[in-house]
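S.K.: If you scroll down you'll find the structure; I have some questions about it.
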Amino acid sequence: MMSRYSIDRWSSRAVLAFGITSFVVLVVIAAFIFRESLPALQEVGLFKILFGTEWYPRYDKFGILTMVVGSIAVTIVSLGIAIPLSLGAAVLLAEVAPQPVRKVVRPAVELLVGIPSVVFGLVGMVALAPFIADISGKGSGSSVLAASIVLAVMVLPTITSISEDAIRALPPTYKEGALALGATHWQTIWRVLVPSARRGIMAGAILGTGRAIGETMAMVMVIGNSPIFPTGLFSTARTLTGNIAVEIAAAVGIHQSVLYVTGLVLFVLVMIINSASLLAYKRRAD
Amino acid sequence: MRVSPQKTEKLAFGAIWASGAIAVLVLVFIVGYVVVRGAPEINAEFLFTPPRGGLGGEGGISSCIVSTLWIVAVTMLLLTPLGLGAAIYMAEYAPENKLIGFIRYSVELLAGVPSIVFGLFGYAVFVTAMSLHFSILSGALTLVCLLLPFLTRTAEEAMRAVPRAQREAALALGATKWQVVARVVVPAAMPGIITGVILSIGRAVSESAPLFVTMGGSSHMPDGLMSSGRTLAVHVFYLAMETNALEKALATGAVLVVLILVTNLLTNSISRRLQARMMGAK
């Protein structure tokens, strides 16, 4: 039988191995995606892929600019909807609502996080898109607007709960000082609390941006998936994530490699966004 | 014209209440819509027959339920020891230096990588390079990579919340470091760890994009690790995109939503019990 001391020695080595697994996974993911991208990067070239406007894999046209624009468009519109709503909900939960209301709203908002994205996509498809089709008078209603609304609902809980935590984490003296100077509750919230919590709110918004860019299946279900530049809110479009999901199974050769380049672009994009979010957090802590 | 501060406050609070109300109503609407429209389709036949395929989306969801169970079981079997081991290292053994700081930072970043990128990775590594083909094993391995940072962090936080004094007391009694970890820290952190495990199960059930590209999506009853399959979430996608059977899609969605709600309630009750225990210990 092993003595407890040798168990102790072996276990510390074992957990070290476990501890670095995540890191190894990250490195291997980056390496594999890069390796699979290489043929396309060499044969088509990064510039032509990133800034090419035509996506006809059958005729060797591999430009993903329309999808970069599609992803950015739905992200911006959805955040335009989600940020004011989440900020309002966060202020409500942190400052305005009485305890019983908070007890209902907070878990309800948290529950939104757990609902599968296909369910959001499905409700968007069945309930929201026909409504939008009625307004715009064209097509099935699958559009940038439908995708943005679905996405807004999906990132709302993330931004709300992080913003609420940021407001709650402020020292009570901020609020007391403002109130003592004769400010109304609203003036205190708008001129003191929200500005002081802005880093946390920013971190939440950036995290929401990362989630919005990465969302895949719900986007495929409500955006129409045509690889064209969106011309307006009612136009169809395609996202970078959707492009991968829709085409990977049937793609071979350079076409497949270009999809890995798309993955690489997403990977880098999200790394930048998340680094910004982590930095915002860190500076808040300092 | 100047509006008085009191009037501004009234208007502003009105807007704030409205945004809170919208958040709740949207949730109630989504859950309610799926359950109310999906429920009429759910019966024993729907639950216990496999999908028959075709444009009409005939048949039920039995093979999808079995695929989902397979995915959850295999994923959690691999993920739990890995995540727990990583959390033990990060919470109890890792020195506080630049290298560990860098690793921690990278893992946080890994948690934010879009799930479809994990799908691409799984497709390249498990499906193609390791020749596991489109299979439950490929899907589960992909999910393990996806969920590892999440479970590690949740379990690590639970372990960090265990008071120092408990560790010191055990060490003072002559326990080795590993004995302290295995008999003091992990048991004390168990409710938090279980919460993390249940949340991971919830995410495995609701994840669709990485499984869509690594499992092949066969609607047949899976007969082992190496057979192709589709989980409930992926089935919702197939029904919605490739058939006219929106009612079936909604019914499958309803089953999914109920599963997730139960998971969430379970998590809440466990964390409440955890809090009660902490209070009781004082």
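Residue numbering restarts at 1 in every chain; chains get A, B, ... in the order shown in the structure tokens, and ligands count up from 1 in that same order.
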If we count only C-alpha atoms and set the cut-off at 9 Å, which residues sit around Thr8 (chain B), ignoring sequence neighbours fewer than 4 positions away in its own chain? Please answer as a compact mmCIF listing (two decimals) with C-alpha atoms, in the first residue's frame.
M.R.:
# COMPACT_ATOMS: atom_id res chain seq x y z
CA TRP A 186 -33.10 59.71 -9.88
CA GLN A 187 -30.39 62.41 -9.95
CA VAL B 3 -38.85 70.15 -16.12
CA SER B 4 -38.67 69.89 -12.36
CA ALA B 12 -37.25 58.09 -15.55
CA PHE B 13 -38.64 55.60 -13.04
S.K.: Sort by chain and increasing residue number a table of all residues of region 18-120 of chain B within 9 Å of region 239-242 of chain B, each with its closest pair of atoms and their distance in Å to one decimal, counting only C-alpha atoms, and write it as a tab-separated table.
M.R.:
residue	atom	partner	partner_atom	distance
B:Gly54	CA	B:Glu242	CA	8.6
B:Leu55	CA	B:Glu242	CA	6.8
B:Gly57	CA	B:Leu239	CA	6.5
S.K.: So which one's closest to chain B, A:Val150, A:Ile83, A:Val91, A:Leu170? Using only C-alpha atoms, please.
M.R.: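 Among the listed residues, the smallest separation from chain B belongs to A:Val91.
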S.K.: Go through region 4-194 of chain A and collect every residue that DSSP, computed from the backbone, puts in strand (DSSP E); the answer should be as a PDB file with N, CA and C atoms, in the first residue's frame.
M.R.:
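Final output, saved to part35.pdb:
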ATOM      1  N   TRP A  55     -19.353  35.470 -52.464  1.00  0.00           N
ATOM      2  CA  TRP A  55     -19.222  34.141 -51.857  1.00  0.00           C
ATOM      3  C   TRP A  55     -19.935  33.140 -52.751  1.00  0.00           C
ATOM      4  N   TYR A  56     -19.187  32.581 -53.710  1.00  0.00           N
ATOM      5  CA  TYR A  56     -19.709  31.511 -54.552  1.00  0.00           C
ATOM      6  C   TYR A  56     -18.709  30.370 -54.521  1.00  0.00           C
ATOM      7  N   LYS A  61     -15.110  31.546 -55.524  1.00  0.00           N
ATOM      8  CA  LYS A  61     -15.115  32.909 -54.995  1.00  0.00           C
ATOM      9  C   LYS A  61     -15.396  32.843 -53.497  1.00  0.00           C
ATOM     10  N   PHE A  62     -14.383  33.248 -52.708  1.00  0.00           N
ATOM     11  CA  PHE A  62     -14.455  33.005 -51.260  1.00  0.00           C
ATOM     12  C   PHE A  62     -14.384  34.283 -50.439  1.00  0.00           C
TER      13      PHE A  62
END
S.K.: I want to know what sits within 6 Å of Ala155 (chain B), based on only C-alpha atoms, with residues of the same chain fewer than 2 positions away left out; could you give that as a ChimeraX atom specification?
M.R.: /B:87,152-153,157-158,193
S.K.: I need the chosen residues saved as a PDB file, in the first residue's frame, with N, CA and C atoms.
M.R.:
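Final output, saved to selection20.pdb:
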ATOM      1  N   ALA B  87      -9.734  22.349 -11.058  1.00  0.00           N
ATOM      2  CA  ALA B  87     -10.149  23.300 -10.027  1.00  0.00           C
ATOM      3  C   ALA B  87      -9.315  23.114  -8.767  1.00  0.00           C
ATOM      4  N   THR B 152     -14.418  24.246 -14.403  1.00  0.00           N
ATOM      5  CA  THR B 152     -13.230  24.504 -13.597  1.00  0.00           C
ATOM      6  C   THR B 152     -13.432  25.750 -12.748  1.00  0.00           C
ATOM      7  N   ARG B 153     -13.930  26.825 -13.402  1.00  0.00           N
ATOM      8  CA  ARG B 153     -14.057  28.064 -12.664  1.00  0.00           C
ATOM      9  C   ARG B 153     -15.102  27.971 -11.561  1.00  0.00           C
ATOM     10  N   GLU B 157     -14.182  28.362  -7.609  1.00  0.00           N
ATOM     11  CA  GLU B 157     -14.779  29.375  -6.733  1.00  0.00           C
ATOM     12  C   GLU B 157     -15.366  28.727  -5.488  1.00  0.00           C
ATOM     13  N   ALA B 158     -16.006  27.564  -5.656  1.00  0.00           N
ATOM     14  CA  ALA B 158     -16.585  26.869  -4.504  1.00  0.00           C
ATOM     15  C   ALA B 158     -15.483  26.489  -3.504  1.00  0.00           C
ATOM     16  N   ILE B 193     -19.801  22.549  -6.078  1.00  0.00           N
ATOM     17  CA  ILE B 193     -19.341  21.710  -7.186  1.00  0.00           C
ATOM     18  C   ILE B 193     -20.532  21.066  -7.891  1.00  0.00           C
TER      19      ILE B 193
END
S.K.: I'd like to know which of B:Leu78, B:Val186, B:Leu84, B:Leu132 is closest to chain A, using only C-alpha atoms.
M.R.: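 Ranked by minimum distance to chain A, first place goes to B:Leu84.
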S.K.: Which of these, B:Val31, B:Thr267, B:Ile116, B:Phe237, has the shortest distance to Asn243 (chain A) once you count only C-alpha atoms?
M.R.: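 For Asn243 (chain A), the nearest of the given residues is B:Ile116.
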S.K.: Of the residues B:Ile194, B:Val72, B:Leu211, B:Ala188, which is the one nearest to Ala161 (chain B), using only C-alpha atoms?
M.R.: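 Closest to Ala161 (chain B) of all the choices is B:Ala188.
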